[in-house]
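S.K.: My file is data-v9.pdb. It has PDB, C-alpha atoms:
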MODEL        1
ATOM      1  CA  MET A 593      12.245 -11.716  20.300
ATOM      2  CA  THR A 594      12.184  -9.797  23.603
ATOM      3  CA  LEU A 595      12.551  -6.143  24.472
ATOM      4  CA  ALA A 596      14.450  -5.041  27.558
ATOM      5  CA  PHE A 597      13.638  -1.776  29.330
ATOM      6  CA  THR A 598      14.002  -0.142  32.717
ATOM      7  CA  ASN A 599      10.725   0.677  34.435
ATOM      8  CA  LEU A 600       9.905   3.602  36.722
ATOM      9  CA  THR A 601      11.084   1.889  39.880
ATOM     10  CA  GLY A 602      14.517   1.457  38.332
ATOM     11  CA  THR A 603      14.320  -2.290  37.955
ATOM     12  CA  SER A 604      14.739  -3.759  34.526
ATOM     13  CA  ALA A 605      12.100  -5.888  32.895
ATOM     14  CA  THR A 606      11.733  -7.944  29.765
ATOM     15  CA  VAL A 607       8.567  -8.178  27.691
ATOM     16  CA  ALA A 608       7.863 -10.171  24.569
ATOM     17  CA  GLU A 609       7.846  -8.061  21.400
ATOM     18  CA  PRO A 610       4.338  -8.102  19.893
ATOM     19  CA  PRO A 611       4.008 -10.356  16.857
ATOM     20  CA  ALA A 612       4.160  -8.611  13.464
ATOM     21  CA  LEU A 613       0.852  -7.541  11.947
ATOM     22  CA  THR A 614      -0.280  -9.980   9.253
ATOM     23  CA  LYS A 615      -3.678  -8.606   8.214
ATOM     24  CA  VAL A 616      -5.613  -5.322   8.136
ATOM     25  CA  SER A 617      -9.294  -4.871   7.304
ATOM     26  CA  ILE A 618     -10.131  -1.292   6.435
ATOM     27  CA  ILE A 619     -13.661   0.151   6.420
ATOM     28  CA  VAL A 620     -14.241   3.045   3.994
ATOM     29  CA  SER A 621     -17.362   4.950   5.011
ATOM     30  CA  LYS A 622     -16.884   8.370   3.410
ATOM     31  CA  GLY A 623     -17.274   9.389  -0.228
ATOM     32  CA  SER A 624     -15.012  12.442  -0.412
ATOM     33  CA  LEU A 625     -11.509  12.385  -1.848
ATOM     34  CA  GLU A 626      -9.970  13.009   1.564
ATOM     35  CA  GLY A 627     -12.214  10.311   3.009
ATOM     36  CA  ILE A 628     -11.166   7.647   0.502
ATOM     37  CA  TYR A 629      -7.448   8.181  -0.143
ATOM     38  CA  PRO A 630      -6.132   7.447   3.368
ATOM     39  CA  ALA A 631      -7.768   4.015   3.280
ATOM     40  CA  LEU A 632      -6.326   3.228  -0.145
ATOM     41  CA  ILE A 633      -2.862   4.385   0.871
ATOM     42  CA  MET A 634      -3.003   2.232   3.997
ATOM     43  CA  ALA A 635      -4.251  -0.819   2.100
ATOM     44  CA  ASN A 636      -1.583  -0.450  -0.577
ATOM     45  CA  GLY A 637       1.053   0.180   2.086
ATOM     46  CA  ALA A 638       0.012  -3.007   3.858
ATOM     47  CA  ARG A 639       0.434  -5.069   0.702
ATOM     48  CA  MET A 640       3.844  -3.449   0.140
ATOM     49  CA  GLU A 641       4.892  -4.853   3.521
ATOM     50  CA  GLY A 642       3.480  -8.281   2.728
ATOM     51  CA  ILE A 643       0.484  -7.700   5.046
ATOM     52  CA  ASP A 644      -2.935  -8.981   3.865
ATOM     53  CA  ALA A 645      -5.434  -6.193   3.167
ATOM     54  CA  ASN A 646      -9.240  -6.175   2.965
ATOM     55  CA  LEU A 647     -11.201  -3.071   1.984
ATOM     56  CA  PHE A 648     -14.862  -2.916   3.025
ATOM     57  CA  PHE A 649     -16.840  -0.100   1.372
ATOM     58  CA  THR A 650     -19.928   1.094   3.194
ATOM     59  CA  PHE A 651     -22.361   4.042   2.972
ATOM     60  CA  PHE A 652     -20.949   6.867   0.823
ATOM     61  CA  GLY A 653     -17.599   5.100   0.746
ATOM     62  CA  MET A 654     -19.215   2.904  -1.923
ATOM     63  CA  ASP A 655     -18.773   5.785  -4.395
ATOM     64  CA  ALA A 656     -15.113   4.721  -4.533
ATOM     65  CA  ILE A 657     -16.073   1.419  -6.170
ATOM     66  CA  HIS A 658     -19.102   2.716  -8.120
ATOM     67  CA  LYS A 659     -18.379   2.428 -11.865
ATOM     68  CA  GLU A 660     -19.935   5.756 -12.781
ATOM     69  CA  ARG A 661     -18.784   7.712  -9.753
ATOM     70  CA  HIS A 662     -15.310   6.587  -8.803
ATOM     71  CA  ALA A 663     -13.512   8.692 -11.392
ATOM     72  CA  GLY A 664     -15.279  11.840 -10.183
ATOM     73  CA  ILE A 665     -14.552  11.788  -6.443
ATOM     74  CA  LYS A 666     -14.072  15.334  -5.097
ATOM     75  CA  VAL A 667     -12.600  17.088  -2.083
ATOM     76  CA  ALA A 668     -15.333  18.393   0.261
ATOM     77  CA  THR A 669     -14.849  22.166   0.284
ATOM     78  CA  VAL A 670     -17.789  22.959   2.585
ATOM     79  CA  GLY A 671     -17.542  22.117   6.272
ATOM     80  CA  ASN A 672     -13.883  21.193   5.933
ATOM     81  CA  PRO A 673     -11.867  23.411   8.309
ATOM     82  CA  GLY A 674      -8.619  21.729   7.258
ATOM     83  CA  LEU A 675      -8.801  23.545   3.938
ATOM     84  CA  HIS A 676      -8.610  26.963   5.672
ATOM     85  CA  LEU A 677     -11.162  28.392   3.261
ATOM     86  CA  ALA A 678     -14.011  30.694   4.309
ATOM     87  CA  THR A 679     -17.211  28.627   4.394
ATOM     88  CA  TRP A 680     -18.959  30.834   1.833
ATOM     89  CA  LEU A 681     -15.983  30.507  -0.507
ATOM     90  CA  GLY A 682     -16.033  26.720  -0.201
ATOM     91  CA  GLY A 683     -19.605  26.798  -1.463
ATOM     92  CA  VAL A 684     -18.857  28.772  -4.639
ATOM     93  CA  PRO A 685     -19.738  26.635  -7.715
ATOM     94  CA  GLY A 686     -16.651  24.931  -9.128
ATOM     95  CA  MET A 687     -14.619  25.331  -5.922
ATOM     96  CA  SER A 688     -14.687  21.619  -5.138
ATOM     97  CA  ALA A 689     -13.524  20.765  -8.673
ATOM     98  CA  LEU A 690     -10.750  23.352  -8.482
ATOM     99  CA  VAL A 691      -9.409  22.184  -5.123
ATOM    100  CA  THR A 692      -9.663  18.554  -6.272
ATOM    101  CA  LYS A 693      -7.663  19.367  -9.400
ATOM    102  CA  GLN A 694      -4.923  21.033  -7.338
ATOM    103  CA  MET A 695      -4.758  18.134  -4.933
ATOM    104  CA  MET A 696      -4.634  15.539  -7.717
ATOM    105  CA  LYS A 697      -1.741  17.457  -9.222
ATOM    106  CA  SER A 698       0.256  17.316  -5.979
ATOM    107  CA  MET A 699      -0.524  13.619  -5.620
ATOM    108  CA  GLU A 700       0.552  12.809  -9.163
ATOM    109  CA  LYS A 701       3.912  14.405  -8.330
ATOM    110  CA  LEU A 702       4.272  11.909  -5.479
ATOM    111  CA  ASP A 703       3.279   9.074  -7.825
ATOM    112  CA  ILE A 704      -0.044   8.547  -6.015
ATOM    113  CA  PRO A 705      -2.454   7.217  -8.665
ATOM    114  CA  PRO A 706      -6.025   8.441  -9.330
ATOM    115  CA  ILE A 707      -8.688   6.416  -7.462
ATOM    116  CA  PRO A 708      -9.663   4.022 -10.315
ATOM    117  CA  GLU A 709      -6.025   3.114 -11.008
ATOM    118  CA  PHE A 710      -5.252   2.882  -7.284
ATOM    119  CA  LEU A 711      -8.057   0.362  -6.707
ATOM    120  CA  GLU A 712      -6.871  -1.703  -9.652
ATOM    121  CA  MET A 713      -3.351  -1.612  -8.226
ATOM    122  CA  ILE A 714      -4.519  -2.765  -4.787
ATOM    123  CA  ALA A 715      -6.551  -5.616  -6.298
ATOM    124  CA  ASP A 716      -3.601  -6.642  -8.508
ATOM    125  CA  SER A 717      -1.340  -6.661  -5.475
ATOM    126  CA  GLY A 718      -3.629  -9.157  -3.748
ATOM    127  CA  GLY A 719      -5.819  -6.798  -1.712
ATOM    128  CA  HIS A 720      -9.523  -7.711  -1.487
ATOM    129  CA  LEU A 721     -12.434  -5.343  -2.149
ATOM    130  CA  TYR A 722     -15.942  -5.849  -0.729
ATOM    131  CA  ALA A 723     -19.182  -3.879  -0.613
ATOM    132  CA  CYS A 724     -21.397  -3.686   2.474
ATOM    133  CA  LYS A 725     -24.700  -5.582   2.102
ATOM    134  CA  ALA A 726     -26.791  -3.211   4.217
ATOM    135  CA  SER A 727     -25.579  -0.177   2.228
ATOM    136  CA  VAL A 728     -26.039  -1.928  -1.110
ATOM    137  CA  GLU A 729     -29.664  -2.656  -0.193
ATOM    138  CA  MET A 730     -30.235   0.807   1.195
ATOM    139  CA  PHE A 731     -28.952   2.537  -1.942
ATOM    140  CA  ASP A 732     -30.613  -0.033  -4.200
ATOM    141  CA  LEU A 733     -27.402  -1.123  -5.916
ATOM    142  CA  THR A 734     -26.207  -4.447  -7.428
ATOM    143  CA  MET A 735     -22.800  -5.946  -8.251
ATOM    144  CA  ASP A 736     -23.286  -4.528 -11.775
ATOM    145  CA  ASP A 737     -22.902  -1.021 -10.369
ATOM    146  CA  PHE A 738     -19.418  -1.788  -9.075
ATOM    147  CA  ILE A 739     -15.999  -2.030 -10.699
ATOM    148  CA  PRO A 740     -14.938  -5.619 -11.527
ATOM    149  CA  GLN A 741     -12.326  -5.649  -8.739
ATOM    150  CA  VAL A 742     -15.112  -5.883  -6.118
ATOM    151  CA  GLU A 743     -15.222  -9.555  -5.124
ATOM    152  CA  SER A 744     -18.609  -9.675  -3.431
ATOM    153  CA  VAL A 745     -21.243  -7.989  -1.319
ATOM    154  CA  ILE A 746     -20.830  -9.166   2.274
ATOM    155  CA  THR A 747     -22.636  -8.790   5.589
ATOM    156  CA  VAL A 748     -21.134  -7.241   8.701
ATOM    157  CA  GLY A 749     -20.840 -10.746  10.159
ATOM    158  CA  GLU A 750     -18.868 -11.965   7.166
ATOM    159  CA  PHE A 751     -16.642  -8.904   7.431
ATOM    160  CA  TYR A 752     -15.808  -9.717  11.054
ATOM    161  CA  GLN A 753     -15.098 -13.334  10.143
ATOM    162  CA  MET A 754     -12.733 -12.216   7.445
ATOM    163  CA  ALA A 755     -11.065  -9.676   9.753
ATOM    164  CA  ALA A 756     -10.435 -12.248  12.469
ATOM    165  CA  GLY A 757      -6.825 -12.416  13.587
ATOM    166  CA  GLY A 758      -5.948  -8.996  12.169
ATOM    167  CA  GLN A 759      -6.630  -5.329  12.866
ATOM    168  CA  ILE A 760      -9.695  -3.348  11.840
ATOM    169  CA  ILE A 761      -9.314   0.279  10.750
ATOM    170  CA  PHE A 762     -12.330   2.554  10.310
ATOM    171  CA  THR A 763     -12.029   5.576   8.035
TER     172      THR A 763
ATOM    173  CA  MET B 326      32.339 -15.772  -4.591
ATOM    174  CA  SER B 327      31.218 -13.137  -2.068
ATOM    175  CA  THR B 328      29.528 -14.277   1.074
ATOM    176  CA  LEU B 329      26.930 -12.490   3.162
ATOM    177  CA  THR B 330      28.913 -12.829   6.358
ATOM    178  CA  ALA B 331      31.730 -10.769   4.833
ATOM    179  CA  VAL B 332      29.624  -7.651   4.142
ATOM    180  CA  SER B 333      28.141  -5.171   6.560
ATOM    181  CA  ARG B 334      24.334  -5.089   6.761
ATOM    182  CA  ASN B 335      21.738  -3.319   8.899
ATOM    183  CA  ALA B 336      19.340  -4.999  11.357
ATOM    184  CA  GLU B 337      16.841  -5.712   8.592
ATOM    185  CA  GLY B 338      19.465  -7.233   6.328
ATOM    186  CA  PHE B 339      19.899  -4.372   3.838
ATOM    187  CA  LEU B 340      23.489  -3.816   2.687
ATOM    188  CA  ASP B 341      25.170  -0.825   4.333
ATOM    189  CA  ARG B 342      27.198  -0.052   1.201
ATOM    190  CA  VAL B 343      25.662  -0.182  -2.288
ATOM    191  CA  GLU B 344      29.079  -0.928  -3.795
ATOM    192  CA  ASP B 345      29.494  -4.163  -1.788
ATOM    193  CA  TRP B 346      26.782  -5.794  -3.891
ATOM    194  CA  ASP B 347      27.238  -8.457  -6.519
ATOM    195  CA  ARG B 348      25.025 -11.114  -8.095
ATOM    196  CA  ASP B 349      26.273 -13.853  -5.750
ATOM    197  CA  LEU B 350      25.216 -11.831  -2.738
ATOM    198  CA  ALA B 351      21.856 -11.172  -4.392
ATOM    199  CA  ALA B 352      21.220 -14.892  -4.745
ATOM    200  CA  GLN B 353      22.094 -15.466  -1.087
ATOM    201  CA  ILE B 354      19.809 -12.657   0.125
ATOM    202  CA  GLY B 355      17.115 -14.172  -2.087
ATOM    203  CA  VAL B 356      17.439 -17.565  -0.404
ATOM    204  CA  GLU B 357      17.381 -15.888   2.998
ATOM    205  CA  SER B 358      14.192 -13.981   2.007
ATOM    206  CA  GLY B 359      12.345 -17.093   0.899
ATOM    207  CA  ILE B 360      13.127 -16.936  -2.829
ATOM    208  CA  PRO B 361      15.314 -19.996  -3.479
ATOM    209  CA  THR B 362      15.958 -19.254  -7.165
ATOM    210  CA  LEU B 363      16.092 -15.863  -8.827
ATOM    211  CA  THR B 364      14.559 -16.229 -12.289
ATOM    212  CA  LYS B 365      14.960 -13.934 -15.307
ATOM    213  CA  ARG B 366      11.753 -12.175 -14.228
ATOM    214  CA  HIS B 367      13.157 -11.532 -10.737
ATOM    215  CA  TRP B 368      16.335 -10.141 -12.270
ATOM    216  CA  LEU B 369      14.377  -7.801 -14.525
ATOM    217  CA  VAL B 370      12.888  -6.180 -11.410
ATOM    218  CA  ILE B 371      16.069  -6.266  -9.318
ATOM    219  CA  ASP B 372      18.201  -4.740 -12.078
ATOM    220  CA  TYR B 373      15.593  -2.043 -12.733
ATOM    221  CA  MET B 374      15.422  -1.164  -9.007
ATOM    222  CA  ARG B 375      19.186  -0.951  -8.714
ATOM    223  CA  ASP B 376      19.636   1.084 -11.900
ATOM    224  CA  CYS B 377      16.893   3.449 -10.822
ATOM    225  CA  TYR B 378      18.486   3.912  -7.393
ATOM    226  CA  LEU B 379      21.972   4.478  -8.776
ATOM    227  CA  ARG B 380      20.583   7.037 -11.234
ATOM    228  CA  THR B 381      18.274   8.957  -8.886
ATOM    229  CA  ARG B 382      19.413   7.974  -5.354
ATOM    230  CA  ALA B 383      15.827   6.945  -4.602
ATOM    231  CA  ALA B 384      14.023   3.636  -5.021
ATOM    232  CA  PRO B 385      11.044   3.724  -7.427
ATOM    233  CA  THR B 386       7.469   3.499  -6.116
ATOM    234  CA  ILE B 387       5.526   0.301  -6.650
ATOM    235  CA  ARG B 388       3.447   2.123  -9.283
ATOM    236  CA  THR B 389       6.540   3.076 -11.276
ATOM    237  CA  LEU B 390       7.928  -0.409 -10.803
ATOM    238  CA  GLY B 391       4.730  -1.868 -12.280
ATOM    239  CA  LYS B 392       4.797   0.523 -15.219
ATOM    240  CA  GLU B 393       8.469   0.609 -16.102
ATOM    241  CA  SER B 394      10.301  -2.492 -14.919
ATOM    242  CA  GLY B 395       8.647  -4.682 -17.551
ATOM    243  CA  VAL B 396       6.817  -6.702 -14.871
ATOM    244  CA  GLU B 397       3.233  -5.753 -13.948
ATOM    245  CA  ILE B 398       1.962  -5.378 -10.365
ATOM    246  CA  LYS B 399       0.223  -8.760 -10.232
ATOM    247  CA  GLU B 400       3.374 -10.604 -11.254
ATOM    248  CA  LEU B 401       5.540  -8.426  -8.983
ATOM    249  CA  TYR B 402       3.632  -9.785  -5.987
ATOM    250  CA  ALA B 403       3.827 -13.334  -7.347
ATOM    251  CA  LEU B 404       7.609 -13.016  -7.673
ATOM    252  CA  PHE B 405       8.128 -11.223  -4.340
ATOM    253  CA  PRO B 406       5.166 -12.213  -2.131
ATOM    254  CA  LYS B 407       6.490 -10.459   0.983
ATOM    255  CA  GLY B 408       6.539  -7.055  -0.714
ATOM    256  CA  PRO B 409       8.128  -6.445  -4.137
ATOM    257  CA  ALA B 410       9.665  -3.005  -3.577
ATOM    258  CA  LYS B 411      11.183  -3.874  -0.222
ATOM    259  CA  LEU B 412      12.472  -7.297  -1.248
ATOM    260  CA  ALA B 413      13.800  -6.299  -4.676
ATOM    261  CA  ALA B 414      15.640  -3.420  -2.972
ATOM    262  CA  LYS B 415      17.143  -5.772  -0.410
ATOM    263  CA  ILE B 416      18.207  -8.323  -3.006
ATOM    264  CA  GLY B 417      19.479  -5.524  -5.271
ATOM    265  CA  GLY B 418      21.691  -4.201  -2.490
ATOM    266  CA  ILE B 419      20.102  -0.743  -2.235
ATOM    267  CA  PRO B 420      18.584   0.904   0.879
ATOM    268  CA  LYS B 421      15.030   0.103   1.954
ATOM    269  CA  PRO B 422      12.517   2.292   0.058
ATOM    270  CA  THR B 423      11.343   5.104   2.315
ATOM    271  CA  GLY B 424       8.105   6.212   0.628
ATOM    272  CA  CYS B 425       4.542   5.332   1.673
ATOM    273  CA  ILE B 426       3.457   4.568  -1.881
TER     274      ILE B 426
ENDMDL
END
Taking this structure as input, can you express it in the form of structure tokens?
M.R.:
Amino acid sequence: MTLAFTNLTGTSATVAEPPALTKVSIIVSKGSLEGIYPALIMANGARMEGIDANLFFTFFGMDAIHKERHAGIKVATVGNPGLHLATWLGGVPGMSALVTKQMMKSMEKLDIPPIPEFLEMIADSGGHLYACKASVEMFDLTMDDFIPQVESVITVGEFYQMAAGGQIIFT
Amino acid sequence: MSTLTAVSRNAEGFLDRVEDWDRDLAAQIGVESGIPTLTKRHWLVIDYMRDCYLRTRAAPTIRTLGKESGVEIKELYALFPKGPAKLAAKIGGIPKPTGCI
């Protein structure tokens, strides 16, 4: 298909419409609730459009796929200006749990699942989950530490190979 | 038998009027979308989507679809590889789902 438009000099031009996106590879590097959800929403949204989706968990982002941690992911209430909370208030014990609870409530209303269910959903819809080899070694983890939906631990090189031909998104 | 050329549709192929829909049209949109035969399992999803839309005026999310249509997420994607919510809506003659989830 082509797109027609008039350029600044008043002459009309035709350009080819870019081909539709067929694959996204999303890197999850943060371990907070607000660091993890956008990546999961984008991966799930890609699958909903029939676009292939890879999720690559690295550094603290690996908490999202860690068996013992992924159900307890919290909103960062310190150093998070978007929350509009005084810094000292953000540091009060229990504040992170409270804000997380509120946010989870709003998300449930929108039918956004909790992280463990969301990951299961993405895997069931054909999305692929991987852990970063360098981070796994650094944090002294093994495949046994991860939820069963994680397919394998891969190197950066393997990630790039798998991302070839699509777009890479870093979160 | 209704034909696709006789009904008004938008650029993406979704019906402009929900009431124009019938099961013949659904089968034709299916063929056009790469699903040559609509099985009982397809119909379970399509009927659920349409009922849900007619009841609430909104298409269900994929999560709700997986929990309530009687077909789980994995099978939804096997039945509608190019996106279950979008395709079942199109085949069911309802507007394209607008949510991000």
S.K.: Which residues, written as a ChimeraX atom specification, have at least one atom at most 7 Å from segment 333-348 of chain B, with all atoms listed in the file counted and residues fewer than 4 positions away on the same chain left out?
M.R.: /B:352,415,418-421
S.K.: Output as a Markdown table one row per residue of chain B within 8 Å of chain A: the closest atom pair and its distance in Å to one decimal place, counting all atoms listed in the file, sorted by chain and residue number ascending.
M.R.:
| residue | atom | partner | partner_atom | distance |
| --- | --- | --- | --- | --- |
| B:Thr386 | CA | A:Asp703 | CA | 7.2 |
| B:Ile387 | CA | A:Met640 | CA | 7.9 |
| B:Arg388 | CA | A:Asp703 | CA | 7.1 |
| B:Thr389 | CA | A:Asp703 | CA | 7.6 |
| B:Ile398 | CA | A:Asp716 | CA | 6.0 |
| B:Lys399 | CA | A:Asp716 | CA | 4.7 |
| B:Leu401 | CA | A:Ser717 | CA | 7.9 |
| B:Tyr402 | CA | A:Ser717 | CA | 5.9 |
| B:Pro406 | CA | A:Gly642 | CA | 6.5 |
| B:Lys407 | CA | A:Gly642 | CA | 4.1 |
| B:Gly408 | CA | A:Met640 | CA | 4.6 |
| B:Pro409 | CA | A:Met640 | CA | 6.8 |
| B:Ala410 | CA | A:Met640 | CA | 6.9 |
| B:Lys411 | CA | A:Met640 | CA | 7.4 |
| B:Cys425 | CA | A:Gly637 | CA | 6.2 |
| B:Ile426 | CA | A:Gly637 | CA | 6.4 |
S.K.: Written as a list in words, what is the full residue list that the PyMOL selection byres ((chain B and resi 358) around 10) yields on the file shown?
M.R.: Gly338, Ala352, Gln353, Ile354, Gly355, Val356, Glu357, Gly359, Ile360, Pro361, Phe405, Lys407, Leu412, Lys415 and Ile416 of chain B
S.K.: Would you compute the distance between atom CA of Ala663 of chain A and atom CA of Trp680 of chain A? Give it in Å to one decimal.
M.R.: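 Separation of atom CA of Ala663 of chain A and atom CA of Trp680 of chain A: 26.4 Å.
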S.K.: For the atom pair atom CA of Ala755 of chain A and atom CA of Pro706 of chain A, what is the interatomic distance in Å to one decimal place?
M.R.: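 Here the two named atoms are 26.8 Å from each other.
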S.K.: Specify as a list in words each residue included when the PyMOL selection byres ((chain B and resi 371) around 10) is applied to this file.
M.R.: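 Listing what the PyMOL selection byres ((chain B and resi 371) around 10) selects in the shown file: Ala351, Leu363, Lys365, Arg366, His367, Trp368, Leu369, Val370, Asp372, Tyr373, Met374, Arg375, Asp376, Cys377, Ser394, Pro409, Ala410, Leu412, Ala413, Ala414, Lys415, Ile416, Gly417, Gly418 and Ile419 of chain B.
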S.K.: Export segment 656-697 of chain A, C-alpha atoms, as a CSV table (one decimal), in the first residue's frame; it's the structure right above.
M.R.:
chain,number,residue,atom,x,y,z
A,656,ALA,CA,9.0,-11.0,37.9
A,657,ILE,CA,9.8,-14.6,37.0
A,658,HIS,CA,11.2,-15.6,40.3
A,659,LYS,CA,9.0,-18.3,41.9
A,660,GLU,CA,9.2,-16.9,45.4
A,661,ARG,CA,9.2,-13.2,44.5
A,662,HIS,CA,6.8,-12.7,41.6
A,663,ALA,CA,3.7,-12.7,43.7
A,664,GLY,CA,5.1,-10.0,46.0
A,665,ILE,CA,6.2,-7.3,43.5
A,666,LYS,CA,5.6,-3.8,45.0
A,667,VAL,CA,5.4,-0.2,43.8
A,668,ALA,CA,8.5,1.8,44.6
A,669,THR,CA,7.3,4.5,47.0
A,670,VAL,CA,10.8,6.1,47.6
A,671,GLY,CA,12.4,8.1,44.8
A,672,ASN,CA,9.3,7.9,42.7
A,673,PRO,CA,8.1,11.5,42.0
A,674,GLY,CA,5.2,10.3,39.9
A,675,LEU,CA,3.5,9.2,43.1
A,676,HIS,CA,3.4,12.8,44.4
A,677,LEU,CA,4.2,11.6,47.9
A,678,ALA,CA,6.7,13.4,50.2
A,679,THR,CA,9.9,11.4,50.2
A,680,TRP,CA,9.8,10.8,54.0
A,681,LEU,CA,6.2,9.6,53.7
A,682,GLY,CA,7.2,7.1,50.9
A,683,GLY,CA,9.7,5.6,53.3
A,684,VAL,CA,7.2,5.0,56.1
A,685,PRO,CA,7.0,1.2,56.8
A,686,GLY,CA,4.0,-0.4,55.0
A,687,MET,CA,3.7,2.5,52.6
A,688,SER,CA,4.8,0.4,49.6
A,689,ALA,CA,2.4,-2.4,50.5
A,690,LEU,CA,-0.5,0.1,50.9
A,691,VAL,CA,0.2,1.9,47.5
A,692,THR,CA,0.6,-1.5,45.8
A,693,LYS,CA,-2.7,-2.7,47.2
A,694,GLN,CA,-4.5,0.4,45.9
A,695,MET,CA,-2.9,0.1,42.5
A,696,MET,CA,-3.8,-3.6,42.3
A,697,LYS,CA,-7.4,-2.8,43.1
